[in-house]
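Text of the file run-v5.tsv, holding TSV, C-alpha atoms and all ligand atoms:
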chain	number	residue	atom	x	y	z
A	1	MET	CA	-68.37	-24.54	-199.64
A	2	ALA	CA	-71.59	-23.37	-198.05
A	3	ALA	CA	-72.23	-26.85	-196.71
A	4	SER	CA	-68.81	-27.17	-195.10
A	5	PHE	CA	-69.17	-23.69	-193.64
A	6	ARG	CA	-72.51	-24.66	-192.16
A	7	LEU	CA	-70.93	-27.82	-190.80
A	8	ALA	CA	-68.12	-25.79	-189.22
A	9	VAL	CA	-70.66	-23.44	-187.64
A	10	ALA	CA	-72.66	-26.39	-186.31
A	11	VAL	CA	-69.56	-28.03	-184.84
A	12	THR	CA	-68.47	-24.75	-183.23
A	13	CYS	CA	-71.92	-24.21	-181.75
A	14	ALA	CA	-71.97	-27.73	-180.36
A	15	LEU	CA	-68.58	-27.17	-178.73
A	16	VAL	CA	-69.71	-23.86	-177.25
A	17	LEU	CA	-72.82	-25.56	-175.87
A	18	VAL	CA	-70.74	-28.27	-174.27
A	19	THR	CA	-68.18	-25.95	-172.67
A	20	ALA	CA	-70.46	-23.05	-171.77
A	21	SER	CA	-73.26	-25.01	-170.14
A	22	GLN	CA	-75.25	-22.95	-167.61
A	23	GLY	CA	-73.02	-19.97	-168.39
A	24	LEU	CA	-70.06	-21.66	-166.70
A	25	GLN	CA	-66.89	-22.11	-168.69
A	26	VAL	CA	-63.78	-24.24	-168.50
A	27	GLY	CA	-60.89	-21.79	-168.20
A	28	TYR	CA	-63.18	-19.01	-166.98
A	29	TYR	CA	-60.29	-17.27	-165.16
A	30	LYS	CA	-57.78	-17.69	-168.01
A	31	LYS	CA	-57.42	-13.93	-168.45
A	32	SER	CA	-58.39	-12.58	-165.03
A	33	CYS	CA	-56.46	-15.04	-162.85
A	34	PRO	CA	-54.48	-17.43	-165.04
A	35	ARG	CA	-52.83	-19.35	-162.19
A	36	VAL	CA	-55.91	-19.88	-160.03
A	37	GLU	CA	-56.36	-23.58	-160.77
A	38	HIS	CA	-52.67	-24.26	-160.02
A	39	ILE	CA	-52.84	-22.30	-156.80
A	40	VAL	CA	-55.89	-24.19	-155.54
A	41	ARG	CA	-54.44	-27.54	-156.56
A	42	ASP	CA	-51.20	-26.89	-154.68
A	43	GLU	CA	-53.11	-26.06	-151.50
A	44	VAL	CA	-55.34	-29.13	-151.82
A	45	LYS	CA	-52.30	-31.29	-152.45
A	46	LYS	CA	-50.60	-30.12	-149.24
A	47	PHE	CA	-53.61	-30.95	-147.10
A	48	VAL	CA	-54.65	-34.20	-148.81
A	49	TYR	CA	-51.14	-35.68	-148.71
A	50	LYS	CA	-51.07	-35.01	-144.97
A	51	ASN	CA	-54.59	-36.38	-144.39
A	52	ALA	CA	-56.56	-38.16	-147.14
A	53	GLY	CA	-59.74	-37.68	-145.09
A	54	ILE	CA	-59.64	-33.95	-145.81
A	55	GLY	CA	-59.95	-34.81	-149.51
A	56	ALA	CA	-63.08	-36.82	-148.72
A	57	GLY	CA	-64.38	-33.81	-146.82
A	58	LEU	CA	-63.82	-31.52	-149.82
A	59	ILE	CA	-65.71	-33.84	-152.18
A	60	ARG	CA	-68.60	-34.03	-149.74
A	61	MET	CA	-68.43	-30.23	-149.31
A	62	LEU	CA	-69.21	-29.66	-152.99
A	63	PHE	CA	-72.25	-31.95	-152.73
A	64	HIS	CA	-73.49	-30.19	-149.60
A	65	ASP	CA	-72.88	-26.75	-151.08
A	66	CYS	CA	-74.65	-27.54	-154.37
A	67	PHE	CA	-77.78	-29.16	-152.93
A	68	VAL	CA	-78.57	-26.14	-150.77
A	69	GLN	CA	-79.04	-22.78	-152.56
A	70	GLY	CA	-77.02	-24.13	-155.50
A	71	CYS	CA	-73.23	-24.21	-155.81
A	72	ASP	CA	-72.70	-20.78	-154.28
A	73	GLY	CA	-70.38	-21.19	-151.30
A	74	SER	CA	-73.33	-20.85	-148.90
A	75	VAL	CA	-72.03	-23.80	-146.87
A	76	LEU	CA	-68.90	-21.78	-146.02
A	77	LEU	CA	-70.64	-18.90	-144.22
A	78	ASP	CA	-70.03	-18.60	-140.49
A	79	PRO	CA	-72.76	-17.69	-138.00
A	80	THR	CA	-73.32	-13.99	-137.33
A	81	PRO	CA	-75.63	-12.19	-134.87
A	82	ALA	CA	-77.98	-11.52	-137.79
A	83	ASN	CA	-77.76	-15.11	-139.08
A	84	PRO	CA	-76.97	-17.39	-136.11
A	85	GLN	CA	-77.92	-20.65	-137.88
A	86	PRO	CA	-76.19	-20.90	-141.27
A	87	GLU	CA	-76.00	-24.17	-143.25
A	88	LYS	CA	-72.70	-25.20	-141.71
A	89	LEU	CA	-74.31	-25.57	-138.26
A	90	SER	CA	-77.10	-27.82	-139.54
A	91	PRO	CA	-77.01	-31.52	-138.45
A	92	PRO	CA	-76.03	-32.84	-141.91
A	93	ASN	CA	-72.96	-30.56	-141.76
A	94	PHE	CA	-72.10	-30.15	-138.10
A	95	PRO	CA	-69.84	-31.52	-136.76
A	96	SER	CA	-69.07	-33.89	-139.64
A	97	LEU	CA	-68.27	-31.64	-142.60
A	98	ARG	CA	-64.55	-30.97	-142.89
A	99	GLY	CA	-62.06	-29.20	-145.13
A	100	PHE	CA	-63.02	-25.58	-144.43
A	101	GLU	CA	-59.40	-24.75	-143.59
A	102	VAL	CA	-58.36	-25.83	-147.09
A	103	ILE	CA	-60.82	-23.42	-148.68
A	104	ASP	CA	-59.53	-20.62	-146.42
A	105	ALA	CA	-55.91	-21.37	-147.36
A	106	ALA	CA	-56.73	-21.57	-151.06
A	107	LYS	CA	-58.73	-18.34	-150.92
A	108	ASP	CA	-55.86	-16.53	-149.14
A	109	ALA	CA	-53.38	-17.67	-151.78
A	110	VAL	CA	-55.74	-16.80	-154.62
A	111	GLU	CA	-56.50	-13.35	-153.16
A	112	LYS	CA	-52.77	-12.59	-153.06
A	113	ALA	CA	-52.48	-13.39	-156.77
A	114	CYS	CA	-55.76	-11.88	-158.00
A	115	PRO	CA	-57.65	-9.82	-155.39
A	116	GLY	CA	-61.44	-9.85	-155.59
A	117	THR	CA	-61.60	-12.03	-158.69
A	118	VAL	CA	-62.29	-15.68	-157.85
A	119	SER	CA	-65.48	-16.74	-156.08
A	120	CYS	CA	-65.47	-19.05	-153.08
A	121	ALA	CA	-68.04	-21.22	-154.89
A	122	ASP	CA	-65.52	-21.82	-157.70
A	123	ILE	CA	-62.77	-22.55	-155.16
A	124	VAL	CA	-64.97	-25.24	-153.58
A	125	ALA	CA	-65.58	-26.79	-157.01
A	126	PHE	CA	-61.88	-26.66	-157.96
A	127	ALA	CA	-60.82	-28.08	-154.59
A	128	ALA	CA	-63.31	-30.97	-154.77
A	129	ARG	CA	-62.15	-31.73	-158.31
A	130	ASP	CA	-58.51	-31.70	-157.16
A	131	ALA	CA	-59.25	-33.95	-154.19
A	132	ALA	CA	-60.81	-36.47	-156.60
A	133	TYR	CA	-57.68	-36.24	-158.74
A	134	PHE	CA	-55.26	-36.95	-155.90
A	135	LEU	CA	-57.37	-39.62	-154.17
A	136	SER	CA	-57.83	-41.48	-157.46
A	137	ARG	CA	-54.06	-41.39	-157.99
A	138	PHE	CA	-54.50	-39.03	-160.96
A	139	TYR	CA	-57.14	-41.17	-162.70
A	140	VAL	CA	-60.25	-39.03	-162.18
A	141	LYS	CA	-59.18	-35.92	-164.07
A	142	ILE	CA	-61.93	-33.37	-164.55
A	143	ASP	CA	-62.15	-30.14	-166.54
A	144	MET	CA	-64.13	-28.03	-164.10
A	145	PRO	CA	-66.18	-25.19	-165.58
A	146	ALA	CA	-66.23	-22.00	-163.50
A	147	GLY	CA	-67.96	-18.65	-163.19
A	148	ARG	CA	-70.18	-19.32	-160.16
A	149	LEU	CA	-70.90	-16.37	-157.90
A	150	ASP	CA	-71.13	-16.52	-154.12
A	151	GLY	CA	-74.54	-16.37	-152.48
A	152	ARG	CA	-75.63	-14.20	-149.57
A	153	VAL	CA	-78.16	-16.63	-148.02
A	154	SER	CA	-77.31	-19.56	-145.76
A	155	ASN	CA	-80.04	-21.15	-143.63
A	156	ALA	CA	-79.57	-24.33	-141.59
A	157	SER	CA	-83.16	-25.44	-142.10
A	158	GLU	CA	-82.64	-25.59	-145.87
A	159	ALA	CA	-79.77	-28.06	-145.39
A	160	LEU	CA	-82.21	-30.33	-143.55
A	161	ASP	CA	-84.76	-29.89	-146.34
A	162	PHE	CA	-82.45	-30.72	-149.25
A	163	LEU	CA	-79.66	-33.01	-148.08
A	164	PRO	CA	-80.79	-36.65	-148.14
A	165	PRO	CA	-80.34	-38.43	-144.80
A	166	PRO	CA	-78.69	-41.89	-144.67
A	167	VAL	CA	-82.02	-43.57	-143.82
A	168	PHE	CA	-83.54	-42.73	-147.21
A	169	ASN	CA	-84.89	-45.54	-149.39
A	170	ILE	CA	-84.50	-45.63	-153.16
A	171	THR	CA	-87.70	-43.68	-153.90
A	172	ASP	CA	-86.71	-40.84	-151.62
A	173	LEU	CA	-83.10	-40.80	-152.87
A	174	VAL	CA	-84.22	-40.56	-156.49
A	175	GLY	CA	-86.64	-37.79	-155.52
A	176	SER	CA	-84.04	-35.79	-153.65
A	177	PHE	CA	-81.62	-35.88	-156.58
A	178	ALA	CA	-84.39	-35.20	-159.13
A	179	ALA	CA	-85.26	-32.05	-157.18
A	180	LYS	CA	-81.77	-30.84	-158.11
A	181	GLY	CA	-81.92	-31.88	-161.75
A	182	LEU	CA	-79.93	-35.09	-161.28
A	183	ASP	CA	-81.26	-38.41	-162.55
A	184	THR	CA	-81.22	-41.88	-161.04
A	185	GLU	CA	-77.93	-42.82	-162.62
A	186	ASP	CA	-76.30	-39.59	-161.39
A	187	MET	CA	-77.46	-40.56	-157.90
A	188	VAL	CA	-76.04	-44.08	-158.16
A	189	VAL	CA	-72.77	-42.84	-159.64
A	190	LEU	CA	-72.27	-40.01	-157.14
A	191	SER	CA	-72.98	-42.33	-154.21
A	192	GLY	CA	-69.71	-43.99	-155.24
A	193	ALA	CA	-67.98	-41.16	-153.37
A	194	HIS	CA	-68.64	-43.32	-150.31
A	195	THR	CA	-65.53	-45.22	-151.37
A	196	ILE	CA	-63.51	-42.73	-149.32
A	197	GLY	CA	-63.73	-40.97	-145.99
A	198	ARG	CA	-65.53	-41.87	-142.85
A	199	SER	CA	-68.79	-41.80	-140.98
A	200	HIS	CA	-69.70	-41.10	-137.42
A	201	CYS	CA	-71.31	-44.10	-135.68
A	202	SER	CA	-74.45	-42.04	-135.03
A	203	SER	CA	-75.10	-41.88	-138.78
A	204	PHE	CA	-75.75	-45.63	-139.08
A	205	VAL	CA	-75.93	-47.42	-135.72
A	206	PRO	CA	-79.64	-46.85	-134.93
A	207	ASP	CA	-80.79	-47.64	-138.45
A	208	ARG	CA	-78.43	-50.46	-139.42
A	209	LEU	CA	-77.04	-52.15	-136.31
A	210	ALA	CA	-79.79	-51.66	-133.73
A	211	ALA	CA	-82.58	-52.46	-136.20
A	212	PRO	CA	-82.83	-55.45	-138.54
A	213	SER	CA	-80.97	-54.80	-141.82
A	214	ASP	CA	-79.43	-56.68	-144.71
A	215	ILE	CA	-75.89	-55.79	-143.58
A	216	ASN	CA	-73.36	-58.67	-143.70
A	217	ALA	CA	-73.24	-60.26	-140.23
A	218	SER	CA	-69.48	-60.28	-139.82
A	219	PHE	CA	-69.24	-56.68	-141.10
A	220	ALA	CA	-71.97	-55.72	-138.63
A	221	ASN	CA	-69.98	-57.34	-135.82
A	222	LEU	CA	-66.86	-55.46	-136.82
A	223	LEU	CA	-68.85	-52.20	-136.69
A	224	ARG	CA	-70.31	-53.14	-133.31
A	225	ARG	CA	-66.79	-53.47	-131.95
A	226	ARG	CA	-65.95	-49.93	-133.13
A	227	CYS	CA	-69.19	-48.17	-132.23
A	228	PRO	CA	-71.08	-47.70	-128.99
A	229	ALA	CA	-74.59	-49.20	-129.01
A	230	ASN	CA	-75.98	-45.73	-128.35
A	231	PRO	CA	-73.73	-43.07	-129.86
A	232	THR	CA	-74.04	-39.63	-128.29
A	233	PRO	CA	-72.47	-36.29	-129.25
A	234	GLY	CA	-69.88	-36.93	-126.53
A	235	ASN	CA	-69.21	-40.53	-127.62
A	236	ASP	CA	-69.45	-40.78	-131.37
A	237	PRO	CA	-66.39	-42.37	-132.98
A	238	THR	CA	-65.87	-42.62	-136.73
A	239	VAL	CA	-65.29	-45.61	-139.00
A	240	ASN	CA	-64.08	-45.82	-142.59
A	241	GLN	CA	-66.76	-46.03	-145.25
A	242	ASP	CA	-64.74	-48.46	-147.37
A	243	PHE	CA	-62.84	-51.01	-145.32
A	244	VAL	CA	-61.04	-52.45	-148.37
A	245	THR	CA	-59.42	-49.35	-149.93
A	246	PRO	CA	-60.35	-46.57	-147.47
A	247	ASN	CA	-58.39	-43.73	-149.06
A	248	ALA	CA	-58.73	-44.59	-152.75
A	249	LEU	CA	-61.37	-43.02	-154.97
A	250	ASP	CA	-62.12	-46.20	-156.90
A	251	ASN	CA	-65.07	-48.49	-157.68
A	252	GLN	CA	-64.64	-50.59	-154.53
A	253	TYR	CA	-67.82	-48.98	-153.13
A	254	TYR	CA	-69.95	-50.93	-155.62
A	255	LYS	CA	-68.27	-54.20	-154.65
A	256	ASN	CA	-69.06	-53.34	-151.04
A	257	VAL	CA	-72.70	-52.66	-151.95
A	258	LEU	CA	-72.91	-56.08	-153.61
A	259	ALA	CA	-71.30	-57.72	-150.56
A	260	HIS	CA	-73.73	-55.93	-148.18
A	261	LYS	CA	-70.76	-54.26	-146.53
A	262	VAL	CA	-71.88	-50.63	-146.65
A	263	LEU	CA	-72.82	-48.33	-143.79
A	264	PHE	CA	-76.09	-46.67	-144.78
A	265	THR	CA	-79.59	-47.70	-145.76
A	266	SER	CA	-79.10	-45.27	-148.67
A	267	ASP	CA	-76.11	-47.33	-149.88
A	268	ALA	CA	-77.90	-50.67	-149.54
A	269	ALA	CA	-80.95	-49.17	-151.27
A	270	LEU	CA	-79.13	-49.16	-154.59
A	271	LEU	CA	-79.78	-52.91	-154.84
A	272	THR	CA	-83.53	-52.58	-154.27
A	273	THR	CA	-84.61	-51.86	-157.85
A	274	PRO	CA	-83.52	-53.84	-160.91
A	275	ALA	CA	-82.40	-50.69	-162.77
A	276	THR	CA	-80.16	-49.38	-160.00
A	277	ALA	CA	-78.86	-52.86	-159.18
A	278	LYS	CA	-77.76	-53.19	-162.81
A	279	MET	CA	-75.88	-49.88	-162.49
A	280	VAL	CA	-74.18	-51.15	-159.33
A	281	LEU	CA	-73.10	-54.32	-161.14
A	282	ASP	CA	-71.71	-52.41	-164.12
A	283	ASN	CA	-69.87	-49.94	-161.89
A	284	ALA	CA	-68.40	-52.84	-159.90
A	285	ASN	CA	-67.44	-55.03	-162.82
A	286	ILE	CA	-66.49	-52.95	-165.86
A	287	PRO	CA	-63.04	-51.39	-165.43
A	288	GLY	CA	-63.07	-47.61	-165.92
A	289	TRP	CA	-66.88	-47.49	-166.32
A	290	TRP	CA	-67.65	-45.82	-163.01
A	291	GLU	CA	-64.80	-43.33	-163.23
A	292	GLY	CA	-66.04	-42.09	-166.62
A	293	LYS	CA	-69.60	-41.72	-165.33
A	294	PHE	CA	-68.42	-40.09	-162.10
A	295	LYS	CA	-66.55	-37.33	-163.94
A	296	LYS	CA	-69.69	-36.36	-165.89
A	297	ALA	CA	-72.04	-36.54	-162.93
A	298	PHE	CA	-69.60	-34.56	-160.77
A	299	VAL	CA	-69.52	-31.70	-163.29
A	300	LYS	CA	-73.32	-31.86	-163.59
A	301	MET	CA	-73.66	-31.63	-159.80
A	302	SER	CA	-71.23	-28.69	-159.75
A	303	GLN	CA	-73.60	-26.69	-161.97
A	304	ILE	CA	-76.75	-26.96	-159.86
A	305	GLU	CA	-78.60	-23.63	-159.59
A	306	VAL	CA	-75.45	-21.56	-160.04
A	307	LYS	CA	-75.70	-17.83	-159.45
A	308	THR	CA	-74.57	-15.30	-162.04
A	309	GLY	CA	-74.96	-11.55	-162.61
A	310	MET	CA	-76.90	-9.74	-159.89
A	311	GLN	CA	-77.68	-12.95	-157.97
A	312	GLY	CA	-74.31	-13.10	-156.25
A	313	GLU	CA	-70.93	-11.59	-155.49
A	314	VAL	CA	-67.27	-12.52	-155.24
A	315	ARG	CA	-66.68	-12.73	-151.51
A	316	LYS	CA	-63.48	-11.28	-150.05
A	317	ASN	CA	-63.53	-13.78	-147.17
A	318	CYS	CA	-65.27	-17.09	-147.78
A	319	ARG	CA	-66.75	-17.11	-144.27
A	320	VAL	CA	-68.62	-13.78	-144.51
A	321	VAL	CA	-70.72	-11.97	-147.09
A	322	ASN	CA	-69.18	-8.73	-148.37
A	401	LIG	C1	-77.06	-40.44	-151.97
A	401	LIG	C2	-77.30	-39.77	-150.85
A	401	LIG	C3	-76.25	-39.56	-149.81
A	401	LIG	C4	-76.42	-39.76	-148.48
A	401	LIG	C5	-77.68	-40.22	-147.80
A	401	LIG	C6	-75.16	-39.47	-147.85
A	401	LIG	C7	-74.92	-39.53	-146.48
A	401	LIG	C8	-73.68	-39.45	-145.89
A	401	LIG	C9	-73.42	-39.59	-144.49
A	401	LIG	C10	-74.47	-39.83	-143.42
A	401	LIG	C11	-72.08	-39.49	-144.31
A	401	LIG	C12	-71.32	-39.63	-142.99
A	401	LIG	C13	-71.29	-38.33	-142.22
A	401	LIG	C14	-70.70	-38.56	-140.84
A	401	LIG	O1	-71.41	-39.11	-140.00
A	401	LIG	O2	-69.52	-38.22	-140.61
A	401	LIG	C15	-71.49	-39.28	-145.59
A	401	LIG	C16	-70.14	-39.13	-145.81
A	401	LIG	C17	-69.59	-38.84	-147.04
A	401	LIG	N1	-70.29	-38.55	-148.19
A	401	LIG	FE1	-72.26	-38.89	-148.52
A	401	LIG	N2	-74.25	-39.11	-148.81
A	401	LIG	C18	-74.87	-39.14	-150.02
A	401	LIG	C19	-74.33	-38.77	-151.23
A	401	LIG	C20	-73.04	-38.30	-151.38
A	401	LIG	C21	-72.56	-37.65	-152.56
A	401	LIG	C22	-73.39	-37.34	-153.80
A	401	LIG	C23	-71.25	-37.38	-152.34
A	401	LIG	C24	-70.25	-36.68	-153.24
A	401	LIG	C25	-70.22	-36.84	-154.54
A	401	LIG	C26	-70.92	-37.86	-151.02
A	401	LIG	C27	-69.67	-37.84	-150.45
A	401	LIG	C28	-69.39	-38.25	-149.17
A	401	LIG	C29	-68.05	-38.36	-148.64
A	401	LIG	C30	-66.76	-38.16	-149.42
A	401	LIG	C31	-68.17	-38.72	-147.30
A	401	LIG	C32	-67.04	-38.88	-146.29
A	401	LIG	C33	-66.78	-37.51	-145.67
A	401	LIG	C34	-65.59	-37.44	-144.72
A	401	LIG	O3	-64.86	-38.40	-144.55
A	401	LIG	O4	-65.41	-36.35	-144.16
A	401	LIG	N3	-72.04	-38.38	-150.46
A	401	LIG	N4	-72.47	-39.24	-146.53
A	402	LIG	C1	-84.64	-20.07	-142.38
A	402	LIG	O1	-85.69	-20.79	-142.99
A	402	LIG	C2	-86.76	-21.06	-142.08
A	402	LIG	C3	-87.72	-21.99	-142.76
A	402	LIG	O2	-87.95	-21.64	-144.08
A	402	LIG	C4	-87.41	-19.76	-141.66
A	402	LIG	O3	-88.45	-19.99	-140.75
A	402	LIG	C5	-86.33	-18.88	-141.00
A	402	LIG	O4	-86.88	-17.63	-140.68
A	402	LIG	C6	-85.12	-18.71	-141.89
A	402	LIG	N1	-84.08	-18.03	-141.15
A	402	LIG	C7	-83.51	-16.91	-141.58
A	402	LIG	C8	-82.45	-16.32	-140.71
A	402	LIG	O5	-83.80	-16.39	-142.63
A	403	LIG	C1	-89.80	-45.00	-148.91
A	403	LIG	O1	-90.00	-44.27	-147.72
A	403	LIG	C2	-91.16	-43.46	-147.71
A	403	LIG	C3	-91.19	-42.70	-146.40
A	403	LIG	O2	-90.07	-41.89	-146.30
A	403	LIG	C4	-92.40	-44.34	-147.86
A	403	LIG	O3	-93.56	-43.52	-147.93
A	403	LIG	C5	-92.29	-45.17	-149.12
A	403	LIG	O4	-93.36	-46.08	-149.20
A	403	LIG	C6	-90.96	-45.94	-149.15
A	403	LIG	N1	-90.80	-46.58	-150.43
A	403	LIG	C7	-90.33	-47.80	-150.57
A	403	LIG	C8	-90.19	-48.30	-151.97
A	403	LIG	O5	-90.00	-48.50	-149.63
A	404	LIG	C1	-70.08	-61.86	-144.80
A	404	LIG	O1	-68.69	-61.57	-144.91
A	404	LIG	C2	-67.87	-62.64	-144.51
A	404	LIG	C3	-66.42	-62.13	-144.38
A	404	LIG	O2	-66.02	-61.54	-145.57
A	404	LIG	C4	-68.07	-63.80	-145.45
A	404	LIG	O3	-67.22	-64.88	-145.09
A	404	LIG	C5	-69.51	-64.23	-145.42
A	404	LIG	O4	-69.75	-65.23	-146.38
A	404	LIG	C6	-70.45	-63.04	-145.66
A	404	LIG	N1	-71.81	-63.45	-145.36
A	404	LIG	C7	-72.74	-63.57	-146.28
A	404	LIG	C8	-74.10	-64.00	-145.82
A	404	LIG	O5	-72.54	-63.32	-147.47
Kindly present the structure from the file in structure tokens form.
Ligand code: HEM
Ligand SMILES: *[C@@H]1O[C@H](CO)[C@@H](O)[C@H](O)[C@H]1NC(C)=O
Ligand SMILES: *[C@@H]1O[C@H](CO)[C@@H](O)[C@H](O)[C@H]1NC(C)=O
Ligand SMILES: *[C@@H]1O[C@H](CO)[C@@H](O)[C@H](O)[C@H]1NC(C)=O
Amino acid sequence: MAASFRLAVAVTCALVLVTASQGLQVGYYKKSCPRVEHIVRDEVKKFVYKNAGIGAGLIRMLFHDCFVQGCDGSVLLDPTPANPQPEKLSPPNFPSLRGFEVIDAAKDAVEKACPGTVSCADIVAFAARDAAYFLSRFYVKIDMPAGRLDGRVSNASEALDFLPPPVFNITDLVGSFAAKGLDTEDMVVLSGAHTIGRSHCSSFVPDRLAAPSDINASFANLLRRRCPANPTPGNDPTVNQDFVTPNALDNQYYKNVLAHKVLFTSDAALLTTPATAKMVLDNANIPGWWEGKFKKAFVKMSQIEVKTGMQGEVRKNCRVVN
């Protein structure tokens, strides 16, 4: 009797540890705003079915939010006279980061149902999760823990400090993810998000087309036809990241890495150590392997340096602090 009771207690504790990691909880708004996850999903669905690229933007938005000041909605804050250079105006985010209008629409709908209850940081996490669900044709299904608070600090220079640029080699990539508590495999697995969305020519032309690189020659020629030799802010077209299945969140990215048909040095870098090359091979070749790893790494990323208690607030408008 005592033994089975102890076992039951141990099992319960283990479950609590799994679901309540970092103080975040799956179903956090169950009592306070029971329909929030439906409301956000419906908004995301509307936008993503009109333009799959917006879904890519939302997935990237979570990454860019979480790596700078933690997952706290700091990437959403607009410039003000007191803070003219917030994260969203920093080069890694401006003008490329997209999907802000989805967060605004979701927040409006959520505020109507449950005023002052749901943080913008949680809406970003829910929306990114939902985008992954729709773009994977309902295959990448994630239970997203919630309970993040919104931050009050947003500084463009911190986005430059913490978001890895596309010219990074493997050492620097591993270091940049380690600084946020993510390991090498998390980095490899999360890079798989480059199976959707687009890139501006300026993000890869100087480093990969103008300089010698290991990029496949016919792929390089295709990119040269779409991109100016010297992209400028006034002449900076975009190309798909994944030319095979551009709007599908699938493991095609890893096949592209193996074929040397990826845009960035940071993508190609995954083949430059035996350990990461093995991960690329497994993700490319074992059906379902990457998707399973991606779900876990995505939730882990969504819990970076989250704010609770006195560290944050629930913003009324995602673009301004209360
Ligand atoms: C490993 C380091 C990473 C680097 C160096 C990197 C860099 C970049 C760059 C330069 C772009 C193109 C921006 C543009 O010119 O428009 C991009 C796009 C994108 N990135 Fe990453 N990224 C990394 C990791 C990630 C992670 C962890 C995620 C999410 C899990 C992600 C999701 C995306 C998505 C979805 C796009 C397409 C966005 C769109 O179409 O709007 N990236 N990334
Ligand atoms: C942003 O951070 C930089 C570098 O740490 C600092 O010099 C600057 O004063 C900060 N800006 C604001 C508005 O806090
Ligand atoms: C990676 O790049 C850094 C400079 O950013 C350099 O110091 C380092 O030697 C490089 N590492 C490798 C393995 O190429
Ligand atoms: C580059 O891609 C083309 C077209 O898919 C392919 O025919 C060629 O073999 C590739 N080149 C190399 C060196 O793998």
Listing only residues of chain A within 12 Å of ligand LIG 402 (chain A), what is the closest atom pair and its distance in Å (to one decimal) for each, using only C-alpha atoms and all ligand atoms, sorted by chain and residue number ascending, as JSON lines?
{"residue": "A:Val68", "atom": "CA", "partner": "A:LIG402", "partner_atom": "O1", "distance": 11.8}
{"residue": "A:Gln69", "atom": "CA", "partner": "A:LIG402", "partner_atom": "O1", "distance": 11.8}
{"residue": "A:Pro79", "atom": "CA", "partner": "A:LIG402", "partner_atom": "C8", "distance": 10.2}
{"residue": "A:Thr80", "atom": "CA", "partner": "A:LIG402", "partner_atom": "C8", "distance": 10.0}
{"residue": "A:Pro81", "atom": "CA", "partner": "A:LIG402", "partner_atom": "C8", "distance": 9.9}
{"residue": "A:Ala82", "atom": "CA", "partner": "A:LIG402", "partner_atom": "C8", "distance": 7.2}
{"residue": "A:Asn83", "atom": "CA", "partner": "A:LIG402", "partner_atom": "C8", "distance": 5.1}
{"residue": "A:Pro84", "atom": "CA", "partner": "A:LIG402", "partner_atom": "C8", "distance": 7.2}
{"residue": "A:Gln85", "atom": "CA", "partner": "A:LIG402", "partner_atom": "C8", "distance": 6.9}
{"residue": "A:Pro86", "atom": "CA", "partner": "A:LIG402", "partner_atom": "C8", "distance": 7.8}
{"residue": "A:Glu87", "atom": "CA", "partner": "A:LIG402", "partner_atom": "C1", "distance": 9.6}
{"residue": "A:Ser90", "atom": "CA", "partner": "A:LIG402", "partner_atom": "C1", "distance": 11.2}
{"residue": "A:Arg152", "atom": "CA", "partner": "A:LIG402", "partner_atom": "O5", "distance": 10.9}
{"residue": "A:Val153", "atom": "CA", "partner": "A:LIG402", "partner_atom": "O5", "distance": 7.8}
{"residue": "A:Ser154", "atom": "CA", "partner": "A:LIG402", "partner_atom": "O5", "distance": 7.9}
{"residue": "A:Asn155", "atom": "CA", "partner": "A:LIG402", "partner_atom": "C1", "distance": 4.9}
{"residue": "A:Ala156", "atom": "CA", "partner": "A:LIG402", "partner_atom": "C1", "distance": 6.7}
{"residue": "A:Ser157", "atom": "CA", "partner": "A:LIG402", "partner_atom": "O1", "distance": 5.4}
{"residue": "A:Glu158", "atom": "CA", "partner": "A:LIG402", "partner_atom": "O1", "distance": 6.4}
{"residue": "A:Ala159", "atom": "CA", "partner": "A:LIG402", "partner_atom": "O1", "distance": 9.7}
{"residue": "A:Leu160", "atom": "CA", "partner": "A:LIG402", "partner_atom": "C3", "distance": 10.0}
{"residue": "A:Asp161", "atom": "CA", "partner": "A:LIG402", "partner_atom": "O2", "distance": 9.1}
{"residue": "A:Phe162", "atom": "CA", "partner": "A:LIG402", "partner_atom": "O2", "distance": 11.8}
Of the residues A:Ile170, A:Leu135, A:Val189, A:Val44, which is the one nearest to A:Ala297, using only C-alpha atoms? A:Val189
Give the residues close to ligand LIG 404 (chain A), within 6 Å, counting only C-alpha atoms and all ligand atoms; write them as a list of chain:residue names.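 The neighbouring residues of ligand LIG 404 (chain A) are, in order, A:Asn216, A:Ala217, A:Ser218.
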A:Val36, A:Leu209, A:Leu258, A:Ala269 ranked by distance to ligand LIG 403 (chain A), top pick (using all atoms listed in the file):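 The closest residue to ligand LIG 403 (chain A) is A:Ala269.
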Proximity to A:Val244 - best of A:Lys307, A:Lys300, A:Arg319, A:Lys261, only C-alpha atoms: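 Between A:Lys307, A:Lys300, A:Arg319, A:Lys261, the residue approaching A:Val244 most closely is A:Lys261.
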Given 6 Å and all atoms listed in the file, residues near ligand LIG 401 (chain A) as a list in words: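 Checked against 6 Å with all atoms listed in the file; the hits are Gly53, Ala56, Gly57, Ile59, Arg60, Phe63, Ser96, Leu97, Arg98, Pro164, Pro165, Pro166, Met187, Leu190, Ser191, Ala193, His194, Ile196, Gly197, Arg198, Ser199, His200, Ser203 and Ser266 of chain A.
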Rank A:Ala248, A:Val321, A:Val205, A:Leu270 by their smallest atom-to-atom distance to A:Leu76, using only C-alpha atoms, and report the top residue only. A:Val321
Pick from A:Asp207, A:Asp172, A:Asp72, A:Asp104, whichever lies nearest to ligand LIG 403 (chain A) using only C-alpha atoms and all ligand atoms: A:Asp172
8 Å contact set for A:Val320, all atoms listed in the file, chain neighbours under 4 positions out, as an MDAnalysis selection string: chainID A and resid 77:78 315:316
